[in-house]
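The data block below is upload-v8.json; it holds JSON, C-alpha atoms.
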```
[["chain", "number", "residue", "atom", "x", "y", "z"],
["A", 249, "MET", "CA", 277.95, 110.12, 129.80],
["A", 250, "ILE", "CA", 274.53, 109.21, 128.47],
["A", 251, "SER", "CA", 271.76, 111.30, 130.00],
["A", 252, "LEU", "CA", 268.84, 109.74, 131.84],
["A", 253, "ASN", "CA", 266.39, 110.71, 129.07],
["A", 254, "LYS", "CA", 268.56, 109.07, 126.41],
["A", 255, "THR", "CA", 268.90, 105.97, 128.55],
["A", 256, "ARG", "CA", 265.13, 105.73, 128.97],
["A", 257, "LEU", "CA", 264.68, 106.25, 125.24],
["A", 258, "LEU", "CA", 267.12, 103.42, 124.50],
["A", 259, "GLU", "CA", 265.37, 101.17, 127.02],
["A", 260, "ARG", "CA", 262.00, 101.88, 125.42],
["A", 261, "ALA", "CA", 263.41, 101.23, 121.96],
["A", 262, "LEU", "CA", 264.80, 97.89, 123.13],
["A", 263, "ASP", "CA", 261.51, 96.94, 124.82],
["A", 264, "THR", "CA", 259.46, 97.99, 121.79],
["A", 265, "THR", "CA", 261.73, 96.08, 119.41],
["A", 266, "ALA", "CA", 261.40, 92.92, 121.50],
["A", 267, "ILE", "CA", 257.61, 93.28, 121.68],
["A", 268, "VAL", "CA", 257.25, 93.87, 117.93],
["A", 269, "LEU", "CA", 259.53, 90.94, 117.11],
["A", 270, "PHE", "CA", 257.67, 88.64, 119.51],
["A", 271, "ALA", "CA", 254.29, 89.62, 118.05],
["A", 272, "GLY", "CA", 255.70, 89.16, 114.55],
["A", 273, "MET", "CA", 257.02, 85.73, 115.45],
["A", 274, "CYS", "CA", 253.62, 84.68, 116.80],
["A", 275, "GLY", "CA", 251.95, 86.02, 113.67],
["A", 276, "LEU", "CA", 254.39, 84.13, 111.45],
["A", 277, "VAL", "CA", 253.76, 80.85, 113.23],
["A", 278, "LEU", "CA", 249.99, 81.37, 113.11],
["A", 279, "ALA", "CA", 250.14, 82.21, 109.41],
["A", 280, "GLN", "CA", 252.28, 79.15, 108.79],
["A", 281, "VAL", "CA", 249.79, 76.83, 110.51],
["A", 282, "VAL", "CA", 246.75, 78.37, 108.79],
["A", 283, "MET", "CA", 248.37, 78.38, 105.36],
["A", 284, "ARG", "CA", 249.58, 74.80, 105.72],
["A", 285, "LYS", "CA", 246.15, 73.57, 106.84],
["A", 286, "PHE", "CA", 243.91, 75.44, 104.42],
["A", 287, "PHE", "CA", 246.08, 76.76, 101.55],
["A", 288, "GLU", "CA", 249.56, 76.40, 100.12],
["A", 289, "PRO", "CA", 252.25, 76.32, 102.84],
["A", 290, "LEU", "CA", 254.54, 79.30, 103.28],
["A", 291, "VAL", "CA", 258.01, 77.84, 102.78],
["A", 292, "TRP", "CA", 259.83, 80.85, 104.22],
["A", 293, "SER", "CA", 257.75, 81.50, 107.36],
["A", 294, "GLU", "CA", 259.24, 78.72, 109.50],
["A", 295, "GLU", "CA", 262.79, 79.86, 108.79],
["A", 296, "LEU", "CA", 262.00, 83.51, 109.48],
["A", 297, "ALA", "CA", 260.13, 82.62, 112.69],
["A", 298, "ARG", "CA", 263.20, 80.67, 113.87],
["A", 299, "TYR", "CA", 265.50, 83.64, 113.25],
["A", 300, "VAL", "CA", 263.11, 86.06, 114.93],
["A", 301, "PHE", "CA", 262.96, 83.67, 117.90],
["A", 302, "ILE", "CA", 266.75, 83.90, 118.21],
["A", 303, "TRP", "CA", 266.55, 87.69, 118.25],
["A", 304, "VAL", "CA", 263.69, 87.69, 120.77],
["A", 305, "SER", "CA", 265.62, 85.32, 123.05],
["A", 306, "PHE", "CA", 268.74, 87.47, 123.13],
["A", 307, "LEU", "CA", 266.80, 90.72, 123.51],
["A", 308, "GLY", "CA", 264.75, 89.13, 126.30],
["A", 309, "TRP", "CA", 267.96, 88.10, 128.07],
["A", 310, "THR", "CA", 269.20, 91.68, 127.85],
["A", 311, "ILE", "CA", 265.91, 93.10, 129.15],
["A", 312, "ALA", "CA", 265.79, 90.58, 132.01],
["A", 313, "CYS", "CA", 269.31, 91.54, 133.08],
["A", 314, "ARG", "CA", 268.46, 95.23, 132.93],
["A", 315, "LYS", "CA", 265.39, 94.66, 135.10],
["A", 316, "ARG", "CA", 267.33, 92.25, 137.34],
["A", 317, "SER", "CA", 264.65, 89.59, 136.94],
["A", 318, "HIS", "CA", 266.83, 86.52, 136.48],
["A", 319, "VAL", "CA", 266.66, 83.80, 139.09],
["A", 320, "ALA", "CA", 269.18, 84.35, 141.87],
["A", 321, "VAL", "CA", 269.99, 82.27, 144.92],
["A", 322, "MET", "CA", 270.43, 84.82, 147.68],
["A", 323, "PHE", "CA", 270.63, 82.60, 150.74],
["A", 324, "ALA", "CA", 274.21, 83.53, 151.69],
["A", 325, "ALA", "CA", 274.22, 87.06, 150.30],
["A", 326, "ASP", "CA", 271.15, 88.11, 152.29],
["A", 327, "ARG", "CA", 272.89, 87.12, 155.52],
["A", 328, "ALA", "CA", 276.18, 88.81, 154.67],
["A", 329, "SER", "CA", 277.37, 92.22, 155.77],
["A", 330, "PRO", "CA", 276.83, 95.21, 153.46],
["A", 331, "LEU", "CA", 280.52, 95.17, 152.49],
["A", 332, "VAL", "CA", 280.40, 91.49, 151.52],
["A", 333, "ARG", "CA", 277.18, 92.09, 149.57],
["A", 334, "THR", "CA", 278.89, 94.92, 147.68],
["A", 335, "VAL", "CA", 281.90, 92.73, 146.91],
["A", 336, "LEU", "CA", 279.67, 89.86, 145.75],
["A", 337, "GLY", "CA", 277.62, 92.24, 143.61],
["A", 338, "CYS", "CA", 280.77, 93.72, 142.05],
["A", 339, "PHE", "CA", 282.08, 90.21, 141.36],
["A", 340, "SER", "CA", 278.79, 89.33, 139.69],
["A", 341, "GLU", "CA", 278.92, 92.43, 137.51],
["A", 342, "VAL", "CA", 282.55, 91.81, 136.51],
["A", 343, "ALA", "CA", 281.72, 88.17, 135.65],
["A", 344, "THR", "CA", 278.80, 89.37, 133.53],
["A", 345, "ILE", "CA", 281.06, 91.87, 131.75],
["A", 346, "LEU", "CA", 283.58, 89.10, 131.02],
["A", 347, "LEU", "CA", 280.86, 86.81, 129.65],
["A", 348, "ALA", "CA", 279.43, 89.62, 127.55],
["A", 349, "GLY", "CA", 282.92, 90.43, 126.27],
["A", 350, "ILE", "CA", 283.38, 86.82, 125.19],
["A", 351, "LEU", "CA", 279.98, 86.95, 123.46],
["A", 352, "MET", "CA", 280.96, 90.16, 121.69],
["A", 353, "TRP", "CA", 284.31, 88.73, 120.55],
["A", 354, "TYR", "CA", 283.03, 85.41, 119.25],
["A", 355, "GLY", "CA", 279.75, 86.91, 118.05],
["A", 356, "THR", "CA", 281.66, 89.37, 115.88],
["A", 357, "GLN", "CA", 283.70, 86.51, 114.45],
["A", 358, "LEU", "CA", 280.47, 84.58, 113.81],
["A", 359, "VAL", "CA", 278.98, 87.56, 111.97],
["A", 360, "ASN", "CA", 282.13, 88.03, 109.89],
["A", 361, "ASN", "CA", 282.27, 84.33, 108.99],
["A", 362, "ASN", "CA", 278.66, 84.34, 107.77],
["A", 363, "THR", "CA", 278.48, 87.49, 105.67],
["A", 364, "ASP", "CA", 278.57, 85.46, 102.47],
["A", 365, "VAL", "CA", 276.33, 82.56, 103.59],
["A", 366, "GLU", "CA", 272.78, 83.05, 102.37],
["A", 367, "THR", "CA", 269.73, 81.76, 104.23],
["A", 368, "VAL", "CA", 267.82, 78.95, 102.57],
["A", 369, "THR", "CA", 264.55, 80.65, 101.66],
["A", 370, "LEU", "CA", 265.04, 84.30, 102.60],
["A", 371, "PHE", "CA", 266.78, 87.27, 100.98],
["A", 372, "PHE", "CA", 269.46, 87.99, 103.59],
["A", 373, "ASN", "CA", 272.58, 86.27, 104.90],
["A", 374, "TYR", "CA", 273.23, 84.62, 108.24],
["A", 375, "ALA", "CA", 275.23, 87.62, 109.47],
["A", 376, "VAL", "CA", 271.90, 89.36, 110.07],
["A", 377, "VAL", "CA", 270.75, 86.46, 112.24],
["A", 378, "TYR", "CA", 273.98, 86.31, 114.24],
["A", 379, "ALA", "CA", 274.32, 90.09, 114.66],
["A", 380, "VAL", "CA", 272.18, 89.87, 117.79],
["A", 381, "VAL", "CA", 275.00, 88.06, 119.64],
["A", 382, "PRO", "CA", 277.54, 90.94, 119.68],
["A", 383, "PHE", "CA", 274.69, 93.46, 120.01],
["A", 384, "SER", "CA", 273.38, 91.74, 123.15],
["A", 385, "GLY", "CA", 276.91, 91.45, 124.48],
["A", 386, "LEU", "CA", 277.41, 95.18, 124.05],
["A", 387, "MET", "CA", 274.11, 95.92, 125.79],
["A", 388, "MET", "CA", 275.11, 93.63, 128.66],
["A", 389, "VAL", "CA", 278.46, 95.39, 129.05],
["A", 390, "LEU", "CA", 276.75, 98.79, 129.20],
["A", 391, "ILE", "CA", 274.11, 97.59, 131.66],
["A", 392, "SER", "CA", 276.67, 95.89, 133.91],
["A", 393, "LEU", "CA", 279.07, 98.84, 133.83],
["A", 394, "GLY", "CA", 276.24, 101.12, 134.96],
["A", 395, "SER", "CA", 275.27, 98.69, 137.69],
["A", 396, "LEU", "CA", 278.90, 98.29, 138.79],
["A", 397, "ARG", "CA", 279.30, 102.06, 138.99],
["A", 398, "ARG", "CA", 276.16, 102.33, 141.13],
["A", 399, "ARG", "CA", 277.38, 99.54, 143.42],
["A", 400, "LEU", "CA", 280.76, 101.20, 143.87],
["A", 401, "GLN", "CA", 279.01, 104.47, 144.71],
["A", 402, "GLY", "CA", 277.19, 102.66, 147.51],
["A", 403, "HIS", "CA", 273.83, 102.13, 145.86],
["A", 404, "ASN", "CA", 273.26, 98.41, 146.38],
["A", 405, "GLU", "CA", 270.11, 97.81, 144.44],
["A", 406, "ALA", "CA", 268.01, 94.76, 145.12],
["A", 407, "VAL", "CA", 269.25, 91.78, 143.15],
["A", 408, "GLU", "CA", 266.15, 89.70, 143.63],
["A", 409, "VAL", "CA", 262.79, 90.64, 142.18],
["A", 410, "LEU", "CA", 259.89, 88.78, 143.71],
["A", 411, "LEU", "CA", 257.21, 87.77, 141.25]]
```

Represent the structure contained in this file as structure tokens.
Amino acid sequence: MISLNKTRLLERALDTTAIVLFAGMCGLVLAQVVMRKFFEPLVWSEELARYVFIWVSFLGWTIACRKRSHVAVMFAADRASPLVRTVLGCFSEVATILLAGILMWYGTQLVNNNTDVETVTLFFNYAVVYAVVPFSGLMMVLISLGSLRRRLQGHNEAVEVLL
């Protein structure tokens, strides 16, 4: 079992990675616009910004699920008994695990199929770009398994986060 300190360290690493990639993506786009307007355009910056955006999107999805900040319609669940809420929550976690398992399976195939396909202007292959799909799937499985375990132990955490 992963200790609480290791879990927090992994969460911080994931958050920091997403923040750094997002800032890098913004910097790439800004550099691309400035260079195109005033100097010679950077031919590789648009492609790299697109790939970083893919990574940021998947990491953001993982972080949002960990923080339970996705949109949820709770009209029926809020009026249900605690047992029904637990069953619905467990169903939701199992469905998420199944989806993440599908992402891991097909994402791994996608990575394997693109190990020899080079990007157009960059020095790496598409497997690096697509590696975020099985990685995010694995993170989702771990997050949902932890949440499912807490639900089965009777700790029904709030599903809805008010902004």

*For Ser395 of chain A, please output as a ChimeraX atom specification all residues within 12 Å (counting only C-alpha atoms; exclusion window: fewer than 6 positions along the same chain).*
/A:313-316,334,337-342,344-345,388-389,401-407

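Closest to Val300 of chain A among A:Ala266, A:Val332, A:Leu386, A:Ala324 is A:Ala266, based on only C-alpha atoms.
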
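Proximity to Trp303 of chain A was assessed for A:Gly349, A:Gly394, A:Gly275, A:Pro382 counting only C-alpha atoms; the smallest distance is recorded for A:Pro382.
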
Step by step, gather every atom of segment 342-354 of chain A that the file lists, find the box along x, y and z that holds them, add 5 Å on each side, and finally give centre and edge lengths in Å to one decimal, as AutoDock Vina command-line options.
```
--center_x 281.6 --center_y 88.6 --center_z 127.9 --size_x 15.5 --size_y 16.5 --size_z 27.3
```

Contact check, segment 349-407 of chain A to segment 254-257 of chain A, at most 12 Å, counting all atoms listed in the file, closest pairs as a tab-separated table:
```
residue	atom	partner	partner_atom	distance
A:Met387	CA	A:Thr255	CA	11.7
A:Leu390	CA	A:Thr255	CA	10.7
A:Ile391	CA	A:Thr255	CA	10.3
A:Gly394	CA	A:Thr255	CA	10.9
```

Would you mind putting back all heavy atoms on segment 285-296 of chain A, then writing it out as a PDB file, in the coordinates of the input?
```
ATOM      1  N   LYS A 285     247.388  74.335 106.657  1.00  0.00           N
ATOM      2  CA  LYS A 285     246.150  73.570 106.840  1.00  0.00           C
ATOM      3  C   LYS A 285     245.136  73.833 105.732  1.00  0.00           C
ATOM      4  O   LYS A 285     244.502  72.902 105.238  1.00  0.00           O
ATOM      5  CB  LYS A 285     245.533  73.928 108.212  1.00  0.00           C
ATOM      6  CG  LYS A 285     244.268  73.196 108.527  1.00  0.00           C
ATOM      7  CD  LYS A 285     244.523  71.748 108.803  1.00  0.00           C
ATOM      8  CE  LYS A 285     243.228  71.081 109.246  1.00  0.00           C
ATOM      9  NZ  LYS A 285     243.350  69.656 109.277  1.00  0.00           N
ATOM     10  N   PHE A 286     244.991  75.094 105.329  1.00  0.00           N
ATOM     11  CA  PHE A 286     243.910  75.440 104.420  1.00  0.00           C
ATOM     12  C   PHE A 286     244.366  75.850 103.016  1.00  0.00           C
ATOM     13  O   PHE A 286     243.573  75.823 102.083  1.00  0.00           O
ATOM     14  CB  PHE A 286     243.070  76.578 105.009  1.00  0.00           C
ATOM     15  CG  PHE A 286     242.449  76.214 106.331  1.00  0.00           C
ATOM     16  CD1 PHE A 286     242.879  76.806 107.506  1.00  0.00           C
ATOM     17  CD2 PHE A 286     241.439  75.266 106.389  1.00  0.00           C
ATOM     18  CE1 PHE A 286     242.303  76.473 108.722  1.00  0.00           C
ATOM     19  CE2 PHE A 286     240.850  74.926 107.601  1.00  0.00           C
ATOM     20  CZ  PHE A 286     241.295  75.529 108.766  1.00  0.00           C
ATOM     21  N   PHE A 287     245.610  76.259 102.843  1.00  0.00           N
ATOM     22  CA  PHE A 287     246.080  76.760 101.550  1.00  0.00           C
ATOM     23  C   PHE A 287     247.431  76.135 101.233  1.00  0.00           C
ATOM     24  O   PHE A 287     247.770  75.089 101.758  1.00  0.00           O
ATOM     25  CB  PHE A 287     246.192  78.298 101.588  1.00  0.00           C
ATOM     26  CG  PHE A 287     244.921  78.980 102.014  1.00  0.00           C
ATOM     27  CD1 PHE A 287     244.789  79.489 103.306  1.00  0.00           C
ATOM     28  CD2 PHE A 287     243.858  79.116 101.136  1.00  0.00           C
ATOM     29  CE1 PHE A 287     243.628  80.118 103.703  1.00  0.00           C
ATOM     30  CE2 PHE A 287     242.690  79.744 101.527  1.00  0.00           C
ATOM     31  CZ  PHE A 287     242.568  80.253 102.816  1.00  0.00           C
ATOM     32  N   GLU A 288     248.193  76.821 100.417  1.00  0.00           N
ATOM     33  CA  GLU A 288     249.560  76.400 100.120  1.00  0.00           C
ATOM     34  C   GLU A 288     250.463  76.830 101.274  1.00  0.00           C
ATOM     35  O   GLU A 288     250.353  77.942 101.772  1.00  0.00           O
ATOM     36  CB  GLU A 288     250.051  77.064  98.829  1.00  0.00           C
ATOM     37  CG  GLU A 288     249.467  76.479  97.580  1.00  0.00           C
ATOM     38  CD  GLU A 288     249.976  75.070  97.327  1.00  0.00           C
ATOM     39  OE1 GLU A 288     251.179  74.838  97.458  1.00  0.00           O
ATOM     40  OE2 GLU A 288     249.138  74.201  97.007  1.00  0.00           O
ATOM     41  N   PRO A 289     251.373  75.946 101.715  1.00  0.00           N
ATOM     42  CA  PRO A 289     252.250  76.320 102.840  1.00  0.00           C
ATOM     43  C   PRO A 289     253.223  77.432 102.463  1.00  0.00           C
ATOM     44  O   PRO A 289     253.646  77.539 101.319  1.00  0.00           O
ATOM     45  CB  PRO A 289     252.978  75.031 103.167  1.00  0.00           C
ATOM     46  CG  PRO A 289     252.856  74.181 101.962  1.00  0.00           C
ATOM     47  CD  PRO A 289     251.617  74.604 101.238  1.00  0.00           C
ATOM     48  N   LEU A 290     253.527  78.256 103.442  1.00  0.00           N
ATOM     49  CA  LEU A 290     254.540  79.300 103.280  1.00  0.00           C
ATOM     50  C   LEU A 290     255.900  78.666 103.579  1.00  0.00           C
ATOM     51  O   LEU A 290     256.176  78.305 104.720  1.00  0.00           O
ATOM     52  CB  LEU A 290     254.282  80.458 104.235  1.00  0.00           C
ATOM     53  CG  LEU A 290     252.955  81.185 104.096  1.00  0.00           C
ATOM     54  CD1 LEU A 290     252.782  82.177 105.228  1.00  0.00           C
ATOM     55  CD2 LEU A 290     252.891  81.889 102.753  1.00  0.00           C
ATOM     56  N   VAL A 291     256.730  78.546 102.574  1.00  0.00           N
ATOM     57  CA  VAL A 291     258.010  77.840 102.780  1.00  0.00           C
ATOM     58  C   VAL A 291     259.000  78.679 103.577  1.00  0.00           C
ATOM     59  O   VAL A 291     259.887  78.137 104.233  1.00  0.00           O
ATOM     60  CB  VAL A 291     258.627  77.419 101.435  1.00  0.00           C
ATOM     61  CG1 VAL A 291     257.766  76.380 100.752  1.00  0.00           C
ATOM     62  CG2 VAL A 291     258.837  78.612 100.527  1.00  0.00           C
ATOM     63  N   TRP A 292     258.870  79.974 103.569  1.00  0.00           N
ATOM     64  CA  TRP A 292     259.830  80.850 104.220  1.00  0.00           C
ATOM     65  C   TRP A 292     259.455  81.203 105.655  1.00  0.00           C
ATOM     66  O   TRP A 292     260.293  81.674 106.424  1.00  0.00           O
ATOM     67  CB  TRP A 292     259.991  82.146 103.420  1.00  0.00           C
ATOM     68  CG  TRP A 292     258.674  82.808 103.143  1.00  0.00           C
ATOM     69  CD1 TRP A 292     257.890  82.631 102.048  1.00  0.00           C
ATOM     70  CD2 TRP A 292     257.977  83.719 104.002  1.00  0.00           C
ATOM     71  NE1 TRP A 292     256.744  83.374 102.153  1.00  0.00           N
ATOM     72  CE2 TRP A 292     256.764  84.058 103.346  1.00  0.00           C
ATOM     73  CE3 TRP A 292     258.242  84.281 105.235  1.00  0.00           C
ATOM     74  CZ2 TRP A 292     255.838  84.928 103.896  1.00  0.00           C
ATOM     75  CZ3 TRP A 292     257.321  85.155 105.789  1.00  0.00           C
ATOM     76  CH2 TRP A 292     256.140  85.470 105.121  1.00  0.00           C
ATOM     77  N   SER A 293     258.212  81.002 106.058  1.00  0.00           N
ATOM     78  CA  SER A 293     257.750  81.500 107.360  1.00  0.00           C
ATOM     79  C   SER A 293     258.392  80.760 108.532  1.00  0.00           C
ATOM     80  O   SER A 293     258.681  81.366 109.566  1.00  0.00           O
ATOM     81  CB  SER A 293     256.236  81.424 107.451  1.00  0.00           C
ATOM     82  OG  SER A 293     255.797  80.082 107.396  1.00  0.00           O
ATOM     83  N   GLU A 294     258.634  79.469 108.399  1.00  0.00           N
ATOM     84  CA  GLU A 294     259.240  78.720 109.500  1.00  0.00           C
ATOM     85  C   GLU A 294     260.675  79.186 109.744  1.00  0.00           C
ATOM     86  O   GLU A 294     261.099  79.362 110.880  1.00  0.00           O
ATOM     87  CB  GLU A 294     259.209  77.215 109.182  1.00  0.00           C
ATOM     88  CG  GLU A 294     259.656  76.331 110.328  1.00  0.00           C
ATOM     89  CD  GLU A 294     261.156  76.105 110.358  1.00  0.00           C
ATOM     90  OE1 GLU A 294     261.797  76.129 109.301  1.00  0.00           O
ATOM     91  OE2 GLU A 294     261.686  75.918 111.462  1.00  0.00           O
ATOM     92  N   GLU A 295     261.405  79.412 108.654  1.00  0.00           N
ATOM     93  CA  GLU A 295     262.790  79.860 108.790  1.00  0.00           C
ATOM     94  C   GLU A 295     262.855  81.261 109.401  1.00  0.00           C
ATOM     95  O   GLU A 295     263.641  81.515 110.319  1.00  0.00           O
ATOM     96  CB  GLU A 295     263.475  79.840 107.426  1.00  0.00           C
ATOM     97  CG  GLU A 295     264.948  80.164 107.503  1.00  0.00           C
ATOM     98  CD  GLU A 295     265.635  80.099 106.155  1.00  0.00           C
ATOM     99  OE1 GLU A 295     264.954  80.187 105.104  1.00  0.00           O
ATOM    100  OE2 GLU A 295     266.863  79.993 106.159  1.00  0.00           O
ATOM    101  N   LEU A 296     262.007  82.155 108.940  1.00  0.00           N
ATOM    102  CA  LEU A 296     262.000  83.510 109.480  1.00  0.00           C
ATOM    103  C   LEU A 296     261.564  83.512 110.947  1.00  0.00           C
ATOM    104  O   LEU A 296     262.149  84.230 111.776  1.00  0.00           O
ATOM    105  CB  LEU A 296     261.082  84.419 108.653  1.00  0.00           C
ATOM    106  CG  LEU A 296     261.048  85.882 109.070  1.00  0.00           C
ATOM    107  CD1 LEU A 296     262.443  86.499 109.023  1.00  0.00           C
ATOM    108  CD2 LEU A 296     260.097  86.662 108.169  1.00  0.00           C
TER     109      LEU A 296
END
```
